[in-house]
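K.L.:
Here it is, the structure in full.
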2 protein chains.
Amino acid sequence: MKTACFDGKQMKYVQNYPYPKPEESLVKVNLAGICGTDLEILGGYMEYRGILGHEFVGTVKHSDNSNLVGKRVVGEINVGCNECDNCKKDLQRHCPNRTVLGILKRDGAFAEFLSLPSENLHVIPDSISDEQAVFIEPLAAAFEIKEQVSLNPEWVVAVVGDGRLAQMICQVLKLSCSNVTCFGKHQSKLKHMKKLSILTKIGIDSLSHQFFDLVVEATGSNSGFTDTMKLVKPRGTVILKSTIASRENLDLTPTIVNEITLIGSRCGLFKPAIDALATGMISVDFMIDSIYPLENFSDAIEHAKKSDTFKVFLKP
Amino acid sequence: MKTACFDGKQMKYVQNYPYPKPEESLVKVNLAGICGTDLEILGGYMEYRGILGHEFVGTVKHSDNSNLVGKRVVGEINVGCNECDNCKKDLQRHCPNRTVLGILKRDGAFAEFLSLPSENLHVIPDSISDEQAVFIEPLAAAFEIKEQVSLNPEWVVAVVGDGRLAQMICQVLKLSCSNVTCFGKHQSKLKHMKKLSILTKIGIDSLSHQFFDLVVEATGSNSGFTDTMKLVKPRGTVILKSTIASRENLDLTPTIVNEITLIGSRCGLFKPAIDALATGMISVDFMIDSIYPLENFSDAIEHAKKSDTFKVFLKP
């Protein structure tokens, strides 16, 4: 099959890459999304080698579950061992022996076909377009916050970052909390937030210091953590969404002195994300940027790296 | 009055230091404790200048509250502005304008007298000795964990560190959770923990990796955070108790990937600590090391710095 494969140094277009595992469901990829994590992997994160891509929508070609064959699906990206304590608690996302689609020991979606266990696949309704469906994986990560924190409707909430994940998080939090502010760097990116009655700010002024009950760090940049710690109230809660923020020389002193709760947050369950897109509760269309054929992956990656870009797609 | 005062470089014995604020309750210090934070301040932490010491027991000489005069008291160390939002919620500990006894803009307990607002003082029962009473401030910090986290009795709990605070934390957690392990470095220090049915370990073996639901970092050392992150289960909770751990080049990636909750924890309310000592629920006598006259502060500090020392006291 055709794919764009990463050898640890660069991505290369390969025409005759072996087909994925025959014992799993085989999915023909309709459309895949380029995510910030993909760009980090290309920069060395996770030391991953193989086919990248973990945001996709596709059509099931073969499966042990005959109800799935021919259906349009998205897929949860973590595959657990199904034997450890975490898997028994349905937390395959935290299985120590897990593989992760396009991230850890499992070929991903920048290819004609991928494979996943049938239990990872979710059939999506016709009301969700292919482009929208690619947002289900990151939208699930945004909904994960609601799994981890009991949101108080009275809370004054901030999201640091104006990228795709940040804007989905803003929308998810707005479902529970009326006062949500998005702190960004690009006026052009924040336009849609204003339409959704989400407050927007460029930069952090002194009035915002220690003002927020809940702050979500979703910048994907090194300065995000410092900004986040400025915004949160003593005894407030911080959600850490972007792994890149972890590489800085961090100072946890304010965390201790101000008794902040920091919560690391990663992948989420797909069900609430699918429901939210199907009912139009969350909008993602404004974040659709451009679609490239898979063989033009190189142009697509360069485009995705630009700071004012929303979602870039690859079509195998 | 006589005091040992810190000028930013060294502590000096001063015979005629001015008496503390006349508008507050005046307390004659019976006994003060040397804490790890004092040693950090002498090393530059908080850039504090003045009289150190925030663990004390004393006798009230003057007060606007006549019920306090002549009584033996301990005192909460944070003094708020009583006007900000935090003070109105009785969180003077988080007032942005606060002073802190012997730590921030307020002379401390290494002196003949100190002053605090009468509402900061707690009369202690005769059943608590002077030496025991000095432990009330750090014991309150241990009880603070119960204020912040709803402890599940089924949780498997670890405390990293074998110092005074760590051993009080072990005892406080043991009141709620049956399975508590203290990870230390000194076999001699861990003896008393064993008597209290607290498990003890020297060093971290691979069997302990990702084994604990709750881990408290109370080492006061730079390696404590790394060890703590090894011990905690995915989706587990970490309590950060020692500010020194914050100075390292920390990597928060495991926090995010494993969805750990990190909770900064500092000072606590005195009431549960006083009750626990009065009823003998928590034992501290085994941690009484030695008492020095205030003028011998220099020997006392050197003694307190040794790694196998428990609590060293100064008697004005």
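By order of appearance in the structure tokens: chains A, B, ..., then residues from 1 within every chain, and ligands from 1 in the order shown.
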Mind fitting chain B onto chain A over all Cα atoms in sequence order and sending the result as a compact mmCIF listing (two decimals) with C-alpha atoms, in the first residue's frame?
P.N.:
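Output below, filename selection-v6.txt:
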```
# COMPACT_ATOMS: atom_id res chain seq x y z
CA MET B 1 -0.01 0.02 -0.01
CA LYS B 2 0.97 3.68 -0.33
CA THR B 3 2.11 5.60 2.74
CA ALA B 4 4.32 8.40 4.00
CA CYS B 5 6.70 6.78 6.45
CA PHE B 6 9.06 8.41 8.99
CA ASP B 7 12.53 6.87 9.38
CA GLY B 8 13.54 9.03 12.34
CA LYS B 9 15.06 11.69 10.13
CA GLN B 10 12.51 12.40 7.43
CA MET B 11 9.21 11.28 6.00
CA LYS B 12 9.36 9.38 2.70
CA TYR B 13 6.62 8.36 0.28
CA VAL B 14 6.58 4.57 -0.05
CA GLN B 15 4.49 2.79 -2.72
CA ASN B 16 4.76 -0.82 -1.56
CA TYR B 17 4.62 -0.67 2.24
CA PRO B 18 3.29 -3.93 3.79
CA TYR B 19 -0.42 -4.02 4.69
CA PRO B 20 -1.33 -3.71 8.42
CA LYS B 21 -1.99 -6.58 10.85
CA PRO B 22 -4.48 -9.08 9.37
CA GLU B 23 -5.84 -10.14 12.80
CA GLU B 24 -7.31 -6.66 13.45
CA SER B 25 -10.01 -4.65 11.67
CA LEU B 26 -8.68 -3.24 8.40
CA VAL B 27 -9.70 0.36 7.73
CA LYS B 28 -9.29 2.22 4.43
CA VAL B 29 -8.33 5.77 5.41
CA ASN B 30 -10.62 8.43 3.88
CA LEU B 31 -8.94 11.41 5.46
CA ALA B 32 -6.27 12.00 8.14
CA GLY B 33 -5.41 15.13 10.13
CA ILE B 34 -2.00 16.57 10.93
CA CYS B 35 -1.76 17.26 14.67
CA GLY B 36 0.75 19.21 16.77
CA THR B 37 1.93 15.89 18.20
CA ASP B 38 2.87 14.75 14.66
CA LEU B 39 5.04 17.82 14.28
CA GLU B 40 6.63 17.08 17.67
CA ILE B 41 7.31 13.47 16.62
CA LEU B 42 9.01 14.73 13.46
CA GLY B 43 11.15 16.80 15.84
CA GLY B 44 12.13 13.74 17.86
CA TYR B 45 9.34 13.30 20.45
CA MET B 46 8.67 9.67 21.50
CA GLU B 47 11.56 8.51 19.25
CA TYR B 48 8.87 7.04 17.01
CA ARG B 49 9.66 5.38 13.68
CA GLY B 50 7.01 4.27 11.17
CA ILE B 51 3.78 5.70 9.79
CA LEU B 52 2.55 8.81 11.63
CA GLY B 53 -1.03 10.04 12.01
CA HIS B 54 -3.62 9.35 14.72
CA GLU B 55 -6.55 11.53 13.63
CA PHE B 56 -8.52 9.82 10.87
CA VAL B 57 -11.83 8.77 9.41
CA GLY B 58 -12.05 5.66 7.26
CA THR B 59 -14.14 2.77 5.97
CA VAL B 60 -13.92 -0.74 7.44
CA LYS B 61 -12.87 -3.33 4.86
CA HIS B 62 -12.43 -6.44 7.05
CA SER B 63 -13.36 -7.03 10.70
CA ASP B 64 -14.15 -9.80 13.17
CA ASN B 65 -17.23 -7.67 13.96
CA SER B 66 -19.38 -8.03 10.83
CA ASN B 67 -21.51 -5.04 11.89
CA LEU B 68 -18.55 -2.80 11.19
CA VAL B 69 -17.75 -3.91 7.63
CA GLY B 70 -18.47 -1.16 5.11
CA LYS B 71 -19.12 1.40 7.86
CA ARG B 72 -17.51 4.82 8.20
CA VAL B 73 -15.53 4.88 11.42
CA VAL B 74 -13.13 6.77 13.64
CA GLY B 75 -10.87 4.97 16.13
CA GLU B 76 -9.58 5.33 19.68
CA ILE B 77 -5.82 5.38 19.34
CA ASN B 78 -4.64 3.49 22.46
CA VAL B 79 -4.52 -0.32 22.26
CA GLY B 80 -4.01 -2.01 25.64
CA CYS B 81 -2.86 -5.51 26.55
CA ASN B 82 -6.31 -6.27 28.02
CA GLU B 83 -4.63 -8.14 30.88
CA CYS B 84 -3.22 -5.51 33.24
CA ASP B 85 -5.09 -3.73 36.06
CA ASN B 86 -5.59 -0.58 33.97
CA CYS B 87 -7.08 -2.49 31.02
CA LYS B 88 -9.44 -4.33 33.39
CA LYS B 89 -10.69 -0.90 34.54
CA ASP B 90 -11.24 0.06 30.86
CA LEU B 91 -8.24 2.40 31.06
CA GLN B 92 -6.39 1.02 28.02
CA ARG B 93 -5.16 4.61 27.61
CA HIS B 94 -2.94 3.94 30.66
CA CYS B 95 -1.89 0.34 29.94
CA PRO B 96 1.90 0.15 30.50
CA ASN B 97 2.16 -2.22 27.50
CA ARG B 98 -0.06 -0.19 25.18
CA THR B 99 0.60 0.73 21.58
CA VAL B 100 -0.69 4.05 20.25
CA LEU B 101 -1.71 4.66 16.64
CA GLY B 102 1.01 6.63 14.87
CA ILE B 103 2.72 7.49 18.17
CA LEU B 104 4.01 4.34 19.90
CA LYS B 105 4.82 0.97 18.30
CA ARG B 106 1.84 1.05 15.90
CA ASP B 107 1.64 2.34 12.33
CA GLY B 108 -0.73 5.27 11.90
CA ALA B 109 -3.13 6.94 9.51
CA PHE B 110 -0.88 8.65 6.94
CA ALA B 111 -1.43 5.61 4.67
CA GLU B 112 -4.02 3.95 2.47
CA PHE B 113 -4.93 1.51 5.23
CA LEU B 114 -4.55 1.13 8.98
CA SER B 115 -5.57 -1.55 11.45
CA LEU B 116 -7.09 -1.32 14.91
CA PRO B 117 -8.94 -3.79 17.15
CA SER B 118 -12.67 -3.68 16.37
CA GLU B 119 -13.44 -2.50 19.94
CA ASN B 120 -11.46 0.70 19.22
CA LEU B 121 -13.70 1.66 16.28
CA HIS B 122 -16.80 3.86 16.44
CA VAL B 123 -19.30 4.09 13.58
CA ILE B 124 -20.15 7.74 12.93
CA PRO B 125 -23.49 9.09 11.73
CA ASP B 126 -23.95 10.62 8.25
CA SER B 127 -24.52 14.03 9.83
CA ILE B 128 -20.79 14.22 10.56
CA SER B 129 -18.65 15.01 7.49
CA ASP B 130 -15.25 13.40 6.90
CA GLU B 131 -13.52 16.66 7.75
CA GLN B 132 -15.50 17.01 10.99
CA ALA B 133 -14.86 13.38 11.89
CA VAL B 134 -11.10 13.94 11.91
CA PHE B 135 -11.64 16.34 14.83
CA ILE B 136 -13.23 13.62 16.99
CA GLU B 137 -9.89 12.40 18.42
CA PRO B 138 -8.71 15.84 19.63
CA LEU B 139 -12.25 16.79 20.66
CA ALA B 140 -12.32 13.66 22.85
CA ALA B 141 -9.12 14.95 24.45
CA ALA B 142 -10.95 18.21 25.19
CA PHE B 143 -13.90 16.32 26.72
CA GLU B 144 -11.43 14.36 28.88
CA ILE B 145 -11.28 17.45 31.13
CA LYS B 146 -14.92 16.86 32.07
CA GLU B 147 -14.04 13.27 33.00
CA GLN B 148 -11.29 14.45 35.34
CA VAL B 149 -12.71 17.59 36.98
CA SER B 150 -16.12 18.31 38.39
CA LEU B 151 -16.73 21.68 36.73
CA ASN B 152 -18.44 24.30 38.88
CA PRO B 153 -20.71 26.49 36.69
CA GLU B 154 -19.69 29.52 38.81
CA TRP B 155 -16.00 29.10 38.03
CA VAL B 156 -14.18 31.82 36.10
CA VAL B 157 -12.25 29.85 33.49
CA ALA B 158 -9.26 30.59 31.24
CA VAL B 159 -7.77 28.63 28.36
CA VAL B 160 -4.18 29.55 27.41
CA GLY B 161 -3.60 29.00 23.69
CA ASP B 162 -5.55 29.74 20.52
CA GLY B 163 -4.81 26.62 18.48
CA ARG B 164 -7.31 23.95 17.44
CA LEU B 165 -7.21 22.03 20.72
CA ALA B 166 -7.48 25.24 22.76
CA GLN B 167 -10.54 26.36 20.79
CA MET B 168 -12.25 22.99 21.23
CA ILE B 169 -11.45 23.10 24.95
CA CYS B 170 -13.00 26.60 25.16
CA GLN B 171 -16.19 25.29 23.60
CA VAL B 172 -16.32 22.21 25.84
CA LEU B 173 -15.82 24.30 28.99
CA LYS B 174 -18.40 26.83 27.80
CA LEU B 175 -21.00 24.00 27.94
CA SER B 176 -20.55 23.94 31.74
CA CYS B 177 -19.19 27.36 32.75
CA SER B 178 -20.57 30.69 31.54
CA ASN B 179 -17.38 32.74 32.04
CA VAL B 180 -14.64 31.42 29.73
CA THR B 181 -11.69 33.50 28.43
CA CYS B 182 -9.35 32.36 25.65
CA PHE B 183 -5.82 33.85 25.92
CA GLY B 184 -4.25 33.82 22.46
CA LYS B 185 -1.54 35.35 20.35
CA HIS B 186 -3.37 35.71 17.01
CA GLN B 187 -6.34 38.06 16.66
CA SER B 188 -7.29 36.24 13.42
CA LYS B 189 -7.61 32.90 15.19
CA LEU B 190 -9.83 34.21 17.97
CA LYS B 191 -12.62 35.51 15.71
CA HIS B 192 -14.81 32.44 16.00
CA MET B 193 -14.48 32.31 19.80
CA LYS B 194 -16.10 35.75 20.05
CA LYS B 195 -19.11 34.49 18.07
CA LEU B 196 -19.55 31.78 20.69
CA SER B 197 -19.56 34.36 23.54
CA ILE B 198 -16.15 33.21 24.67
CA LEU B 199 -14.08 36.18 25.90
CA THR B 200 -10.75 36.64 24.13
CA LYS B 201 -7.52 38.35 25.14
CA ILE B 202 -4.16 38.83 23.44
CA GLY B 203 -1.47 38.57 26.11
CA ILE B 204 -1.82 38.55 29.87
CA ASP B 205 -2.44 41.86 31.65
CA SER B 206 -1.96 42.39 35.38
CA LEU B 207 -5.75 42.44 35.96
CA SER B 208 -5.83 38.79 34.93
CA HIS B 209 -3.23 37.71 37.52
CA GLN B 210 -4.55 35.10 39.96
CA PHE B 211 -8.07 35.78 38.67
CA PHE B 212 -9.17 32.35 37.42
CA ASP B 213 -10.52 29.33 39.28
CA LEU B 214 -9.58 26.96 36.44
CA VAL B 215 -6.88 27.47 33.81
CA VAL B 216 -6.17 25.06 30.95
CA GLU B 217 -2.67 25.12 29.43
CA ALA B 218 -3.08 24.24 25.73
CA THR B 219 -0.45 26.33 23.99
CA GLY B 220 1.94 23.65 22.84
CA SER B 221 4.66 26.18 23.63
CA ASN B 222 7.23 26.61 26.36
CA SER B 223 5.89 29.86 27.78
CA GLY B 224 2.43 28.40 28.30
CA PHE B 225 3.09 26.97 31.75
CA THR B 226 4.48 30.24 33.11
CA ASP B 227 1.50 32.19 31.76
CA THR B 228 -0.90 29.62 33.17
CA MET B 229 0.59 29.88 36.65
CA LYS B 230 0.17 33.67 36.54
CA LEU B 231 -3.55 33.37 35.79
CA VAL B 232 -4.64 30.80 38.36
CA LYS B 233 -6.02 31.80 41.77
CA PRO B 234 -4.49 30.43 44.98
CA ARG B 235 -6.07 27.01 45.56
CA GLY B 236 -7.20 26.99 41.92
CA THR B 237 -6.95 24.17 39.37
CA VAL B 238 -4.70 23.91 36.31
CA ILE B 239 -5.20 21.38 33.52
CA LEU B 240 -2.02 20.53 31.61
CA LYS B 241 -2.94 19.60 28.04
CA SER B 242 0.22 20.09 26.01
CA THR B 243 3.21 17.85 26.58
CA ILE B 244 5.65 20.31 25.05
CA ALA B 245 5.26 22.64 28.01
CA SER B 246 6.96 19.98 30.08
CA ARG B 247 10.37 20.48 28.55
CA GLU B 248 11.05 23.83 30.12
CA ASN B 249 12.96 24.40 33.35
CA LEU B 250 9.80 24.58 35.38
CA ASP B 251 9.50 26.09 38.82
CA LEU B 252 6.88 24.37 40.95
CA THR B 253 7.29 26.76 43.91
CA PRO B 254 4.09 28.73 43.09
CA THR B 255 2.22 25.42 42.88
CA ILE B 256 3.15 24.64 46.46
CA VAL B 257 2.95 28.12 47.99
CA ASN B 258 -0.44 28.80 46.37
CA GLU B 259 -1.67 25.20 46.81
CA ILE B 260 -2.54 24.80 43.14
CA THR B 261 -3.92 21.51 41.82
CA LEU B 262 -2.21 20.54 38.52
CA ILE B 263 -3.95 17.83 36.51
CA GLY B 264 -2.28 16.15 33.56
CA SER B 265 -4.79 15.39 30.83
CA ARG B 266 -4.40 13.39 27.64
CA CYS B 267 -6.69 11.26 25.45
CA GLY B 268 -10.41 10.97 26.07
CA LEU B 269 -13.31 8.68 25.25
CA PHE B 270 -14.87 9.22 21.81
CA LYS B 271 -18.56 8.92 22.65
CA PRO B 272 -19.15 12.47 24.03
CA ALA B 273 -17.11 13.95 21.16
CA ILE B 274 -19.14 12.12 18.50
CA ASP B 275 -22.41 13.15 20.16
CA ALA B 276 -21.32 16.78 20.41
CA LEU B 277 -20.41 16.95 16.72
CA ALA B 278 -23.53 15.07 15.58
CA THR B 279 -25.81 17.47 17.47
CA GLY B 280 -23.86 20.60 16.44
CA MET B 281 -23.15 21.41 20.11
CA ILE B 282 -19.48 21.98 19.18
CA SER B 283 -18.40 23.62 15.92
CA VAL B 284 -15.20 22.73 14.10
CA ASP B 285 -15.90 23.76 10.48
CA PHE B 286 -14.19 27.14 10.99
CA MET B 287 -10.96 25.22 11.73
CA ILE B 288 -10.88 23.31 8.41
CA ASP B 289 -7.90 24.76 6.55
CA SER B 290 -6.81 22.69 3.54
CA ILE B 291 -6.63 19.15 2.15
CA TYR B 292 -3.48 17.75 0.48
CA PRO B 293 -3.10 14.45 -1.38
CA LEU B 294 -0.96 12.07 0.71
CA GLU B 295 1.90 12.20 -1.82
CA ASN B 296 2.17 15.96 -1.15
CA PHE B 297 2.69 15.32 2.58
CA SER B 298 5.80 17.49 2.54
CA ASP B 299 3.90 20.64 1.52
CA ALA B 300 1.14 19.74 3.95
CA ILE B 301 3.57 19.47 6.87
CA GLU B 302 5.17 22.82 6.01
CA HIS B 303 1.71 24.39 5.84
CA ALA B 304 0.70 22.83 9.17
CA LYS B 305 3.79 24.28 10.86
CA LYS B 306 2.73 27.88 10.19
CA SER B 307 1.38 29.59 13.30
CA ASP B 308 -1.79 30.94 11.68
CA THR B 309 -2.88 27.59 10.23
CA PHE B 310 -5.90 25.64 11.42
CA LYS B 311 -6.37 21.95 10.49
CA VAL B 312 -4.46 20.54 7.52
CA PHE B 313 -5.63 17.17 6.14
CA LEU B 314 -3.98 14.40 4.13
CA LYS B 315 -6.08 12.38 1.68
CA PRO B 316 -4.56 8.99 0.74
```
K.L.:
Apply DSSP to the structure's backbone, then extract all residues of segment 183-306 of chain A labelled alpha helix (DSSP H) and return them as a PyMOL selection string.
P.N.:
chain A and resi 187-195+224-231+253-257+271-278+297-305
